[in-house]
Structures are given as structure tokens and as C-alpha cells.
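Novice: Sharing start-v9.txt (compact mmCIF, C-alpha atoms) below.
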```txt
# COMPACT_ATOMS: atom_id res chain seq x y z
CA MET A 181 -24.59 -4.89 -30.74
CA SER A 182 -24.23 -2.71 -27.66
CA ARG A 183 -21.42 -2.66 -25.15
CA VAL A 184 -22.18 -5.11 -22.46
CA GLY A 185 -23.12 -5.47 -18.84
CA THR A 186 -23.98 -8.61 -16.94
CA MET A 187 -27.71 -8.12 -17.49
CA ASP A 188 -27.49 -7.11 -21.16
CA PRO A 189 -29.48 -9.71 -23.15
CA ASP A 190 -27.32 -8.95 -26.20
CA SER A 191 -23.99 -9.42 -24.43
CA PRO A 192 -21.56 -11.73 -26.23
CA GLN A 193 -21.63 -15.34 -25.11
CA VAL A 194 -18.24 -16.11 -26.69
CA VAL A 195 -15.43 -13.54 -26.57
CA VAL A 196 -12.24 -14.23 -28.50
CA VAL A 197 -9.07 -12.31 -27.69
CA GLY A 198 -6.65 -12.86 -30.53
CA SER A 199 -5.40 -12.32 -34.02
CA CYS A 200 -6.66 -11.17 -37.41
CA MET A 201 -4.66 -12.01 -40.53
CA THR A 202 -5.20 -11.31 -44.20
CA ASP A 203 -4.57 -14.62 -45.97
CA LEU A 204 -2.64 -14.53 -49.26
CA VAL A 205 -3.29 -18.01 -50.63
CA SER A 206 -1.59 -19.85 -53.51
CA LEU A 207 -2.80 -23.27 -54.68
CA THR A 208 -0.04 -25.45 -56.16
CA PRO A 209 0.35 -29.12 -57.21
CA ARG A 210 2.99 -29.55 -54.47
CA LEU A 211 4.89 -27.50 -51.92
CA PRO A 212 8.14 -26.05 -53.37
CA SER A 213 11.57 -27.12 -52.15
CA ALA A 214 14.00 -24.53 -50.76
CA GLY A 215 15.11 -22.20 -53.56
CA GLU A 216 12.61 -23.65 -56.05
CA THR A 217 10.06 -21.69 -58.09
CA ILE A 218 6.96 -23.55 -59.26
CA HIS A 219 3.73 -22.58 -61.02
CA GLY A 220 0.58 -22.32 -58.95
CA SER A 221 -2.94 -22.90 -60.24
CA LYS A 222 -4.87 -20.24 -58.30
CA PHE A 223 -4.37 -17.23 -56.01
CA PHE A 224 -6.86 -15.50 -53.74
CA ILE A 225 -6.98 -13.18 -50.73
CA GLY A 226 -9.05 -14.22 -47.73
CA PHE A 227 -9.65 -13.52 -44.06
CA GLY A 228 -7.75 -15.51 -41.44
CA GLY A 229 -5.86 -15.36 -38.15
CA LYS A 230 -6.47 -17.97 -35.47
CA GLY A 231 -8.52 -15.72 -33.21
CA ALA A 232 -10.78 -14.31 -35.91
CA ASN A 233 -11.26 -17.75 -37.45
CA GLN A 234 -12.38 -19.24 -34.14
CA CYS A 235 -14.70 -16.30 -33.48
CA ILE A 236 -16.35 -16.46 -36.89
CA GLN A 237 -16.93 -20.22 -36.74
CA ALA A 238 -18.63 -19.79 -33.34
CA SER A 239 -20.75 -16.97 -34.76
CA ARG A 240 -21.82 -18.98 -37.81
CA LEU A 241 -23.10 -21.72 -35.51
CA GLY A 242 -25.30 -19.22 -33.66
CA ALA A 243 -23.26 -17.85 -30.75
CA ARG A 244 -23.32 -14.12 -29.99
CA THR A 245 -19.65 -13.29 -30.34
CA ALA A 246 -17.23 -10.41 -29.83
CA MET A 247 -13.65 -10.09 -31.07
CA VAL A 248 -10.90 -8.29 -29.15
CA CYS A 249 -8.09 -7.58 -31.59
CA LYS A 250 -6.00 -4.94 -33.35
CA VAL A 251 -5.72 -4.30 -37.09
CA GLY A 252 -3.82 -1.74 -39.13
CA ASP A 253 -5.26 1.55 -40.31
CA ASP A 254 -5.04 0.23 -43.87
CA SER A 255 -7.28 -1.33 -46.51
CA PHE A 256 -6.81 -4.84 -45.07
CA GLY A 257 -7.86 -3.57 -41.63
CA ILE A 258 -10.90 -1.71 -42.94
CA ASN A 259 -11.97 -4.78 -44.91
CA TYR A 260 -11.56 -6.96 -41.82
CA VAL A 261 -13.89 -4.81 -39.74
CA GLU A 262 -16.51 -5.18 -42.48
CA ASN A 263 -15.92 -8.94 -42.55
CA PHE A 264 -16.68 -9.16 -38.82
CA LYS A 265 -19.87 -7.17 -39.28
CA LYS A 266 -21.01 -9.43 -42.14
CA ASN A 267 -20.48 -12.41 -39.83
CA ASN A 268 -22.47 -10.84 -36.96
CA VAL A 269 -19.40 -10.40 -34.74
CA CYS A 270 -19.43 -7.47 -32.30
CA THR A 271 -16.68 -5.01 -33.36
CA ASP A 272 -16.72 -2.76 -30.27
CA PHE A 273 -13.24 -4.03 -29.36
CA VAL A 274 -11.67 -4.24 -32.81
CA PHE A 275 -9.01 -1.55 -32.47
CA GLN A 276 -7.12 0.09 -35.37
CA THR A 277 -3.59 1.48 -35.32
CA GLY A 278 -1.41 3.42 -37.75
CA ALA A 279 1.75 2.05 -36.12
CA ALA A 280 1.75 -1.31 -37.93
CA ALA A 281 0.13 -3.07 -40.88
CA THR A 282 -2.71 -5.55 -40.48
CA GLY A 283 -1.30 -9.03 -39.87
CA ALA A 284 -0.75 -11.15 -42.98
CA ALA A 285 -0.33 -14.86 -43.70
CA SER A 286 1.26 -16.27 -46.86
CA ILE A 287 -0.28 -19.72 -47.41
CA ILE A 288 0.67 -22.39 -49.95
CA VAL A 289 -1.75 -25.32 -50.37
CA ASN A 290 -0.87 -28.47 -52.32
CA ALA A 291 -3.11 -30.85 -54.27
CA GLU A 292 -3.65 -33.04 -51.18
CA GLY A 293 -4.88 -30.07 -49.16
CA GLN A 294 -1.75 -29.83 -46.98
CA ASN A 295 -0.32 -26.37 -46.35
CA ALA A 296 2.76 -24.32 -45.47
CA ILE A 297 2.17 -20.95 -43.78
CA ILE A 298 4.28 -17.88 -42.93
CA ILE A 299 2.68 -15.25 -40.70
CA VAL A 300 3.70 -11.63 -40.12
CA ALA A 301 1.81 -10.58 -36.99
CA GLY A 302 1.97 -6.80 -37.55
CA ALA A 303 -0.75 -4.93 -35.64
CA ASN A 304 -1.69 -8.07 -33.72
CA LEU A 305 1.38 -7.61 -31.50
CA LEU A 306 0.24 -4.09 -30.56
CA LEU A 307 -2.92 -5.28 -28.79
CA ASN A 308 -2.14 -4.21 -25.22
CA PRO A 309 -3.43 -4.40 -21.63
CA GLN A 310 -5.19 -1.03 -22.01
CA ASP A 311 -7.24 -2.47 -24.87
CA LEU A 312 -8.13 -5.44 -22.68
CA THR A 313 -9.32 -3.08 -19.96
CA LYS A 314 -11.83 -1.60 -22.43
CA ALA A 315 -13.10 -5.12 -23.17
CA SER A 316 -12.98 -6.46 -19.61
CA ALA A 317 -16.72 -6.06 -18.93
CA ALA A 318 -17.55 -8.07 -22.06
CA ILE A 319 -15.02 -10.76 -21.15
CA SER A 320 -16.33 -10.99 -17.59
CA ALA A 321 -19.96 -11.31 -18.76
CA ALA A 322 -19.28 -14.00 -21.38
CA ARG A 323 -19.86 -17.73 -21.04
CA VAL A 324 -16.61 -18.64 -22.83
CA MET A 325 -13.37 -16.76 -23.54
CA VAL A 326 -10.87 -18.03 -26.12
CA CYS A 327 -7.29 -16.91 -26.77
CA GLN A 328 -4.13 -18.04 -28.58
CA LEU A 329 -0.50 -16.91 -29.10
CA GLU A 330 -0.62 -14.90 -32.34
CA ILE A 331 -0.81 -11.83 -30.10
CA SER A 332 1.53 -10.92 -27.23
CA PRO A 333 1.60 -13.80 -24.69
CA LYS A 334 1.36 -11.21 -21.91
CA VAL A 335 -2.00 -10.02 -23.29
CA SER A 336 -3.33 -13.57 -23.75
CA LEU A 337 -2.41 -14.42 -20.16
CA GLU A 338 -4.07 -11.27 -18.84
CA ALA A 339 -7.25 -12.15 -20.78
CA LEU A 340 -7.26 -15.62 -19.21
CA LYS A 341 -6.91 -14.07 -15.75
CA ILE A 342 -9.80 -11.63 -16.33
CA ALA A 343 -12.08 -14.45 -17.50
CA HIS A 344 -11.00 -16.91 -14.81
CA LYS A 345 -11.61 -14.38 -12.06
CA SER A 346 -15.22 -13.99 -13.25
CA GLY A 347 -15.87 -17.72 -13.56
CA VAL A 348 -15.91 -17.60 -17.36
CA LYS A 349 -14.88 -20.87 -19.06
CA THR A 350 -11.47 -20.40 -20.66
CA ILE A 351 -10.14 -22.11 -23.78
CA PHE A 352 -6.46 -21.60 -24.57
CA ASN A 353 -4.93 -22.60 -27.90
CA PRO A 354 -1.10 -22.37 -27.50
CA ALA A 355 -0.43 -21.63 -31.16
CA PRO A 356 2.16 -20.90 -32.39
CA ALA A 357 3.63 -23.02 -29.58
CA MET A 358 6.37 -21.74 -27.24
CA ALA A 359 8.66 -24.25 -25.50
CA ASP A 360 9.00 -21.89 -22.53
CA LEU A 361 5.29 -21.17 -22.00
CA ALA A 362 4.71 -19.45 -18.65
CA PRO A 363 3.31 -21.87 -16.01
CA ALA A 364 0.36 -19.52 -15.28
CA PHE A 365 -1.16 -20.34 -18.69
CA TYR A 366 -1.97 -23.83 -17.43
CA THR A 367 -3.51 -22.79 -14.13
CA TYR A 368 -5.83 -20.18 -15.68
CA THR A 369 -7.04 -22.49 -18.47
CA ASP A 370 -10.10 -24.73 -18.29
CA VAL A 371 -9.64 -26.32 -21.74
CA PHE A 372 -6.07 -26.45 -23.07
CA CYS A 373 -6.23 -27.38 -26.77
CA CYS A 374 -3.19 -28.00 -28.97
CA ASN A 375 -2.32 -30.05 -32.04
CA GLU A 376 0.37 -32.73 -32.37
CA SER A 377 3.27 -30.43 -33.20
CA GLU A 378 2.32 -27.93 -30.49
CA ALA A 379 2.04 -30.74 -27.91
CA GLU A 380 5.50 -31.96 -28.91
CA ILE A 381 7.07 -28.48 -28.60
CA LEU A 382 5.45 -27.94 -25.20
CA THR A 383 6.32 -31.34 -23.72
CA GLY A 384 9.23 -32.78 -25.69
CA VAL A 385 7.12 -35.93 -26.24
CA PRO A 386 7.05 -36.94 -29.95
CA VAL A 387 3.39 -37.25 -31.01
CA ARG A 388 2.90 -39.76 -33.83
CA SER A 389 -0.19 -41.63 -32.60
CA PRO A 390 -3.19 -41.31 -30.28
CA SER A 391 -1.24 -43.06 -27.50
CA ASP A 392 1.61 -40.52 -27.90
CA ALA A 393 -0.99 -37.74 -27.73
CA GLY A 394 -2.31 -39.22 -24.48
CA ALA A 395 1.21 -39.24 -23.01
CA ALA A 396 1.81 -35.61 -24.02
CA GLY A 397 -1.65 -34.62 -22.74
CA SER A 398 -0.89 -36.18 -19.36
CA VAL A 399 2.30 -34.11 -19.09
CA LEU A 400 0.31 -30.94 -19.84
CA LEU A 401 -2.44 -31.89 -17.40
CA ALA A 402 0.13 -32.25 -14.63
CA ARG A 403 1.07 -28.60 -15.16
CA GLY A 404 -2.25 -27.43 -13.77
CA CYS A 405 -5.03 -27.21 -16.36
CA SER A 406 -8.36 -28.95 -15.89
CA LEU A 407 -8.64 -30.62 -19.28
CA VAL A 408 -6.32 -31.13 -22.26
CA LEU A 409 -7.31 -31.80 -25.86
CA VAL A 410 -4.64 -32.89 -28.34
CA THR A 411 -6.05 -32.66 -31.87
CA LEU A 412 -4.77 -35.10 -34.49
CA GLY A 413 -6.21 -33.79 -37.76
CA GLY A 414 -7.95 -36.61 -39.60
CA GLU A 415 -7.30 -38.96 -36.66
CA GLY A 416 -9.61 -37.00 -34.35
CA CYS A 417 -8.68 -35.90 -30.85
CA VAL A 418 -7.39 -37.23 -27.51
CA ILE A 419 -8.91 -36.00 -24.22
CA VAL A 420 -7.19 -36.08 -20.83
CA SER A 421 -8.82 -34.50 -17.78
CA LYS A 422 -8.40 -34.21 -14.03
CA GLU A 423 -11.75 -35.96 -13.60
CA ASP A 424 -10.68 -38.82 -15.88
CA PRO A 425 -6.88 -38.85 -16.32
CA SER A 426 -6.88 -41.94 -18.57
CA PRO A 427 -6.60 -40.66 -22.19
CA LYS A 428 -9.67 -41.04 -24.43
CA HIS A 429 -9.29 -41.11 -28.22
CA ILE A 430 -12.26 -39.61 -30.08
CA ALA A 431 -11.96 -40.68 -33.72
CA THR A 432 -13.49 -38.74 -36.60
CA HIS A 433 -14.90 -39.80 -39.96
CA LYS A 434 -12.33 -39.76 -42.78
CA VAL A 435 -13.05 -37.25 -45.52
CA THR A 436 -11.20 -36.23 -48.68
CA ALA A 437 -9.55 -32.93 -47.83
CA VAL A 438 -9.50 -30.08 -50.32
CA ASP A 439 -7.80 -27.59 -47.97
CA THR A 440 -6.97 -28.19 -44.30
CA THR A 441 -6.12 -24.52 -43.62
CA GLY A 442 -8.00 -23.31 -40.55
CA ALA A 443 -9.54 -26.71 -39.71
CA GLY A 444 -8.17 -26.56 -36.17
CA ASP A 445 -9.73 -23.12 -35.73
CA SER A 446 -13.07 -24.40 -37.01
CA PHE A 447 -12.86 -27.14 -34.37
CA LEU A 448 -12.08 -24.63 -31.59
CA GLY A 449 -14.79 -22.19 -32.66
CA ALA A 450 -17.29 -25.03 -32.65
CA LEU A 451 -16.09 -26.21 -29.26
CA ALA A 452 -16.53 -22.69 -27.82
CA PHE A 453 -20.06 -22.65 -29.23
CA PHE A 454 -20.96 -26.01 -27.65
CA ILE A 455 -19.47 -25.10 -24.26
CA ALA A 456 -21.48 -21.84 -24.31
CA HIS A 457 -24.77 -23.32 -25.53
CA TYR A 458 -24.76 -26.99 -24.49
CA PRO A 459 -22.87 -27.14 -21.17
CA GLN A 460 -24.84 -30.26 -20.23
CA LEU A 461 -23.08 -32.30 -22.93
CA SER A 462 -20.03 -34.37 -22.04
CA MET A 463 -16.70 -33.14 -23.40
CA GLU A 464 -16.53 -36.31 -25.51
CA GLU A 465 -19.82 -35.41 -27.18
CA MET A 466 -18.76 -31.78 -27.72
CA VAL A 467 -15.53 -32.98 -29.31
CA LYS A 468 -17.39 -35.40 -31.63
CA ARG A 469 -19.67 -32.63 -32.84
CA SER A 470 -16.79 -30.16 -33.22
CA ASN A 471 -14.81 -32.78 -35.17
CA HIS A 472 -17.74 -33.16 -37.55
CA ILE A 473 -17.92 -29.40 -38.15
CA ALA A 474 -14.15 -29.19 -38.77
CA SER A 475 -14.39 -32.12 -41.21
CA VAL A 476 -16.96 -30.14 -43.21
CA SER A 477 -14.56 -27.18 -43.39
CA VAL A 478 -11.73 -29.16 -45.04
CA ARG A 479 -13.91 -30.08 -48.00
CA ALA A 480 -13.77 -26.52 -49.43
CA ALA A 481 -10.90 -24.18 -50.30
CA GLY A 482 -10.00 -21.20 -48.15
CA THR A 483 -10.15 -20.59 -44.43
CA GLN A 484 -13.26 -18.75 -43.23
CA THR A 485 -14.89 -19.26 -46.64
CA SER A 486 -14.96 -23.00 -45.86
CA TYR A 487 -16.62 -22.65 -42.44
CA PRO A 488 -20.17 -24.00 -42.34
CA TYR A 489 -23.19 -22.12 -41.03
CA ARG A 490 -25.70 -23.80 -38.75
CA LYS A 491 -28.18 -24.10 -41.62
CA ASP A 492 -25.62 -26.18 -43.58
CA LEU A 493 -25.26 -28.82 -40.86
CA PRO A 494 -27.46 -31.73 -39.70
CA GLU A 495 -29.94 -30.56 -37.07
CA GLU A 496 -29.04 -33.44 -34.73
CA ILE A 497 -25.69 -31.73 -34.08
CA PHE A 498 -27.67 -29.05 -32.25
CA SER A 499 -30.05 -31.31 -30.32
```
Starting from the file, give its structure as C-alpha cells.
Specialist:
Amino acid sequence: MSRVGTMDPDSPQVVVVGSCMTDLVSLTPRLPSAGETIHGSKFFIGFGGKGANQCIQASRLGARTAMVCKVGDDSFGINYVENFKKNNVCTDFVFQTGAAATGAASIIVNAEGQNAIIIVAGANLLLNPQDLTKASAAISAARVMVCQLEISPKVSLEALKIAHKSGVKTIFNPAPAMADLAPAFYTYTDVFCCNESEAEILTGVPVRSPSDAGAAGSVLLARGCSLVLVTLGGEGCVIVSKEDPSPKHIATHKVTAVDTTGAGDSFLGALAFFIAHYPQLSMEEMVKRSNHIASVSVRAAGTQTSYPYRKDLPEEIFS
């Protein structure tokens, strides 16, 4: 895929500025207590990181995508570049550095599919404004730009500003959440998407139900963004927007989860795809379809390995 200009027919439709992590995954009957050693049943190494996950899910659904990120000059970094290429993601803005290792995530998954995760950001935190400058033409020519907080917040905010200035739809996923998030994040974001725990950290409102999520979403909306989504795992999602400030709960079908790791990223990657390709759909309809895709992802182990391709999904999702 070539570097882009506004008239380039191959220019990325979805650009993700964010993180890459190598996932080190252990499956266990239950999560260990502090100081406890338990036997696991399986171990594997996979590809993860919120940004890369979201980008690859969008790509598997059919969006032309580009990733703006930084990996280490190590075997994990080299393997990640190849992983992007295998998933048809433009790697023009995947930068490598010898100054830090590729980001890594240690993930424990129990028999119910729940997880505990420790991340070491590594090279992700070295993505800088100069790197963004190299990717600015691609960002400005995209239909949707997505970013999160597994890279430097300063870089995420600058990416939002570049996209916003060019009229590109912006999706911001404030994860991991920061209680003191800069106010500008809200004003440069079109779709502000967080889960229950992130909403609680950002607002101080405990989120235990859809009505709680609506209350937290209303607090976030008042800070300046156009639309807030609070995801609730198996309970679906709550939408609050400037156009319709009364919270709407979009339920999802219950499924038996094998592994919930990366389900939120599957949802966001799908949402970016639908915003880019089906802008005529209502947000409620986009959320329903994205919920369905995320529910497919939790039925298989692993993160990106569980993400469905378009060919694996019912055709009516794309009509």
C-alpha cells in the first residue's frame, strides 16, 4: 500500500494511532490469589495491544487500514510487522526503535473466560510527535481515526487534533483510564468509548447497571464530546449523545464466553469499520452490529486470533 494523498484510491480509510503488545497468555482454572502459585493448562504467545487489535479487526471486516505505532528492534517487533502485513494493514508508519523493547502483556484467563492483565508499554511510549508528522497526511485523508492511552497521552491528543482539523471522524478509547484526563480529549472526540471501570475512574460514578452507565455517560457528554458509548461487556452498551441526551441501552445476545480478552477492541474496530463504510446507519444500528462481532470474538481463545473475518459473519451485518 502506498503512502497516501487525498486522491489516492488506496489511502487508508481507518487509521489507528496506538499500541502494539506481544501477549503472553496463560489459561488457568481460576485467577491466583496474591502470593499463590497455581498450575495452568495452556500457554501461548499472541499479538495484542489495544491499538493494533482495533486496527486488525477493522481490516478483517474489509476496511483499508493503517497503523501508526512503535515497536522494538527485537524479534517481537519484527514478528509484529509481519503480523500487520498478513492482516493487510499498511505498515508505512510502524516505526522501530532500539531504545526499548516491544510492549508486552502478561494475561491470565480463567475457566469462565475472565482475565487479569499486566502491560509493560515499552516502545509504545516512545511514539512521538515527529512520528505523527510523518503520518499526518494519512490521518488527514482517512474517514476515521482511532486512538487510546497505551501510548503517551500527548501523542494521542495530537492525533485527535490532526484528524479533527481535517474533518476526520475521531474515536477515542480512554484506556487505561486516567482520572485527570485533559479536557481537550473530550472536545476533539466525536465518539468517546469507554467500559464500566473506565467510566467510573473518569467520572467517579460507580457503574453497576445500564442506568449507572447512562449517568456516567451524561457526565462525560457534558465535558464536550459529541457522543459517548459506555460498553458493558455481556450487557451491551449505553449511548448518550448531544443530539439525544437521554441514555439508550443497546442489549446484546448472551453467549458462553471462552475468552473475553480483546472483546472491547473487537467492538471498537468494528465500530470504526461501520462509521467508515456505512455512515448512513444510525449509531444504535452500528453498535448492534459491532456488539454482534465482539460476541463472536469471545467464543474463541486468544485476542486477535479470535477476531472474525467478514466471510465468517452473516451477510446481513454488511447490508
Novice: In Å to one decimal, how far is atom CA of Ile331 of chain A from atom CA of Ala359 of chain A?
Specialist: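 According to the coordinates, atom CA of Ala359 of chain A and atom CA of Ile331 of chain A are separated by 16.3 Å.
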Novice: A:Arg490, A:Lys349, A:Arg240, A:Lys250: which is nearest Leu305 of chain A, counting only C-alpha atoms?
Specialist: A:Lys250
Novice: Could you list, as a PyMOL selection string, every residue within 8 Å of Ala281 of chain A, counting only C-alpha atoms and ignoring same-chain residues fewer than 5 positions away?
Specialist: chain A and resi 251-254+302-303
Novice: Set the distance at 7 Å and use only C-alpha atoms: which residues neighbour segment 195-203 of chain A once local chain neighbours fewer than 6 positions away are removed? I'd like the list as a PDB file with C-alpha atoms, in the coordinates of the input.
Specialist:
```pdb
ATOM      1  CA  ILE A 225      -6.980 -13.180 -50.730  1.00  0.00           C
ATOM      2  CA  GLY A 226      -9.050 -14.220 -47.730  1.00  0.00           C
ATOM      3  CA  PHE A 227      -9.650 -13.520 -44.060  1.00  0.00           C
ATOM      4  CA  GLY A 228      -7.750 -15.510 -41.440  1.00  0.00           C
ATOM      5  CA  GLY A 229      -5.860 -15.360 -38.150  1.00  0.00           C
ATOM      6  CA  LYS A 230      -6.470 -17.970 -35.470  1.00  0.00           C
ATOM      7  CA  GLY A 231      -8.520 -15.720 -33.210  1.00  0.00           C
ATOM      8  CA  ALA A 232     -10.780 -14.310 -35.910  1.00  0.00           C
ATOM      9  CA  CYS A 235     -14.700 -16.300 -33.480  1.00  0.00           C
ATOM     10  CA  THR A 245     -19.650 -13.290 -30.340  1.00  0.00           C
ATOM     11  CA  ALA A 246     -17.230 -10.410 -29.830  1.00  0.00           C
ATOM     12  CA  MET A 247     -13.650 -10.090 -31.070  1.00  0.00           C
ATOM     13  CA  VAL A 248     -10.900  -8.290 -29.150  1.00  0.00           C
ATOM     14  CA  CYS A 249      -8.090  -7.580 -31.590  1.00  0.00           C
ATOM     15  CA  VAL A 251      -5.720  -4.300 -37.090  1.00  0.00           C
ATOM     16  CA  PHE A 256      -6.810  -4.840 -45.070  1.00  0.00           C
ATOM     17  CA  THR A 282      -2.710  -5.550 -40.480  1.00  0.00           C
ATOM     18  CA  GLY A 283      -1.300  -9.030 -39.870  1.00  0.00           C
ATOM     19  CA  ALA A 284      -0.750 -11.150 -42.980  1.00  0.00           C
ATOM     20  CA  ALA A 285      -0.330 -14.860 -43.700  1.00  0.00           C
ATOM     21  CA  SER A 286       1.260 -16.270 -46.860  1.00  0.00           C
ATOM     22  CA  ILE A 287      -0.280 -19.720 -47.410  1.00  0.00           C
ATOM     23  CA  ASN A 304      -1.690  -8.070 -33.720  1.00  0.00           C
ATOM     24  CA  ILE A 319     -15.020 -10.760 -21.150  1.00  0.00           C
ATOM     25  CA  ALA A 322     -19.280 -14.000 -21.380  1.00  0.00           C
ATOM     26  CA  VAL A 324     -16.610 -18.640 -22.830  1.00  0.00           C
ATOM     27  CA  MET A 325     -13.370 -16.760 -23.540  1.00  0.00           C
ATOM     28  CA  VAL A 326     -10.870 -18.030 -26.120  1.00  0.00           C
ATOM     29  CA  CYS A 327      -7.290 -16.910 -26.770  1.00  0.00           C
ATOM     30  CA  GLN A 328      -4.130 -18.040 -28.580  1.00  0.00           C
ATOM     31  CA  GLU A 330      -0.620 -14.900 -32.340  1.00  0.00           C
ATOM     32  CA  ILE A 331      -0.810 -11.830 -30.100  1.00  0.00           C
TER      33      ILE A 331
END
```
Novice: Could you check how far atom CA of Thr383 of chain A sits from atom CA of Gly397 of chain A, in Å to one decimal?
Specialist: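 Straight-line distance from atom CA of Thr383 of chain A to atom CA of Gly397 of chain A works out to 8.7 Å.
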Novice: Which residue, A:Phe224, A:Tyr458, A:Phe264, A:Phe498, has the smallest gap to His472 of chain A when you use all atoms listed in the file?
Specialist: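 Answer, going by the shortest atom-to-atom distance: A:Phe498.
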Novice: When distances are computed from all atoms listed in the file, which of A:Leu207, A:Leu312, A:Val410, A:Ile236 shows the smallest separation from Ala450 of chain A?
Specialist: A:Ile236
Novice: Using all atoms listed in the file, pick whichever of A:Met358, A:Val205, A:Val194, A:Val269 has the shortest atom-to-atom distance to Ile297 of chain A.
Specialist: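 Going through A:Met358, A:Val205, A:Val194, A:Val269 one by one, the smallest distance to Ile297 of chain A is for A:Val205.
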Novice: What is the atom CA of Ala443 of chain A to atom CA of Asp190 of chain A distance in Å?
Specialist: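 The value is 28.5 Å.
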Novice: When you count only C-alpha atoms, which of these residues is closest to Ile455 of chain A: A:Arg479, A:Arg323, A:His429, A:Arg388?
Specialist: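 Of all the options, A:Arg323 lies closest to Ile455 of chain A.
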Novice: Out of A:Ile342, A:Pro354, A:Ser475, A:Gly449, which residue has the shortest atom-to-atom distance to Lys314 of chain A when counting only C-alpha atoms?
Specialist: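 That would be A:Ile342, the residue with the smallest distance to Lys314 of chain A.
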Novice: Using all atoms listed in the file, which residues sit within 10 Å of Asp439 of chain A once same-chain residues fewer than 5 positions away are excluded, as a ChimeraX atom specification?
Specialist: /A:207,289-295,477-483,486
Novice: Report as an NGL selection string all protein, DNA and RNA residues lying within 8 Å of Asn471 of chain A, evaluated on all atoms listed in the file, omitting residues in the same chain fewer than 3 positions from it.
Specialist: :A and (416 or 432 or 447 or 467-468 or 474-475)
Novice: May I have a table of the residues of segment 414-433 of chain A lying at most 10 Å from segment 363-379 of chain A, giving each one's closest pair of atoms and their distance in Å to one decimal, counting all atoms listed in the file, ordered by chain and ascending residue number, as CSV?
Specialist:
```
residue,atom,partner,partner_atom,distance
A:Cys417,CA,A:Asn375,CA,8.7
A:Val418,CA,A:Asn375,CA,9.9
A:Ile419,CA,A:Cys373,CA,9.4
A:Val420,CA,A:Phe372,CA,10.0
A:Ser421,CA,A:Val371,CA,9.1
```
Novice: Might you pull out every residue within 7 Å of Tyr487 of chain A, with all atoms listed in the file counted and same-chain residues fewer than 3 positions away left off, and present them as a list in words?
Specialist: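 So, after excluding close chain neighbours, the residues are Gln237, Ser446, Ser477 and Gln484 of chain A.
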Novice: Please enclose the listed atoms of segment 211-218 of chain A in an axis-aligned box, pad each side by 8 Å, and write out the centre and the three edge lengths in Å, rounded to one decimal, as lines of an AutoDock Vina configuration file.
Specialist:
```
center_x = 10.0
center_y = -24.6
center_z = -55.0
size_x = 26.2
size_y = 21.8
size_z = 24.5
```
Novice: Please complete segment 337-356 of chain A with N, CA and C atoms and give it back as a compact mmCIF listing (two decimals), in the frame of the given file.
Specialist:
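And here's out-v6.txt as it stands now:
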```txt
# COMPACT_ATOMS: atom_id res chain seq x y z
N LEU A 337 -2.37 -13.98 -21.55
CA LEU A 337 -2.41 -14.42 -20.16
C LEU A 337 -3.30 -13.50 -19.33
N GLU A 338 -3.22 -12.21 -19.58
CA GLU A 338 -4.07 -11.27 -18.84
C GLU A 338 -5.55 -11.52 -19.15
N ALA A 339 -5.87 -11.84 -20.40
CA ALA A 339 -7.25 -12.15 -20.78
C ALA A 339 -7.75 -13.39 -20.04
N LEU A 340 -6.89 -14.41 -19.95
CA LEU A 340 -7.26 -15.62 -19.21
C LEU A 340 -7.53 -15.30 -17.74
N LYS A 341 -6.72 -14.43 -17.16
CA LYS A 341 -6.91 -14.07 -15.75
C LYS A 341 -8.23 -13.33 -15.54
N ILE A 342 -8.55 -12.40 -16.44
CA ILE A 342 -9.80 -11.63 -16.33
C ILE A 342 -11.00 -12.59 -16.38
N ALA A 343 -10.97 -13.51 -17.34
CA ALA A 343 -12.08 -14.45 -17.50
C ALA A 343 -12.17 -15.40 -16.32
N HIS A 344 -11.04 -15.93 -15.91
CA HIS A 344 -11.00 -16.91 -14.81
C HIS A 344 -11.54 -16.31 -13.52
N LYS A 345 -11.17 -15.08 -13.28
CA LYS A 345 -11.61 -14.38 -12.06
C LYS A 345 -13.12 -14.25 -12.01
N SER A 346 -13.76 -14.14 -13.18
CA SER A 346 -15.22 -13.99 -13.25
C SER A 346 -15.95 -15.30 -13.44
N GLY A 347 -15.22 -16.42 -13.40
CA GLY A 347 -15.87 -17.72 -13.56
C GLY A 347 -16.25 -18.05 -14.99
N VAL A 348 -15.64 -17.35 -15.94
CA VAL A 348 -15.91 -17.60 -17.36
C VAL A 348 -15.06 -18.78 -17.81
N LYS A 349 -15.63 -19.73 -18.55
CA LYS A 349 -14.88 -20.87 -19.06
C LYS A 349 -13.80 -20.37 -20.02
N THR A 350 -12.58 -20.85 -19.82
CA THR A 350 -11.47 -20.40 -20.66
C THR A 350 -10.97 -21.53 -21.55
N ILE A 351 -10.77 -21.19 -22.83
CA ILE A 351 -10.14 -22.11 -23.78
C ILE A 351 -8.85 -21.44 -24.24
N PHE A 352 -7.74 -22.14 -24.12
CA PHE A 352 -6.46 -21.60 -24.57
C PHE A 352 -5.88 -22.51 -25.64
N ASN A 353 -5.53 -21.90 -26.76
CA ASN A 353 -4.93 -22.60 -27.90
C ASN A 353 -3.48 -22.10 -28.02
N PRO A 354 -2.48 -22.86 -27.54
CA PRO A 354 -1.10 -22.37 -27.50
C PRO A 354 -0.43 -22.44 -28.87
N ALA A 355 -0.92 -21.61 -29.79
CA ALA A 355 -0.43 -21.63 -31.16
C ALA A 355 -0.16 -20.20 -31.64
N PRO A 356 1.03 -19.98 -32.23
CA PRO A 356 2.16 -20.90 -32.39
C PRO A 356 2.74 -21.26 -31.01
```
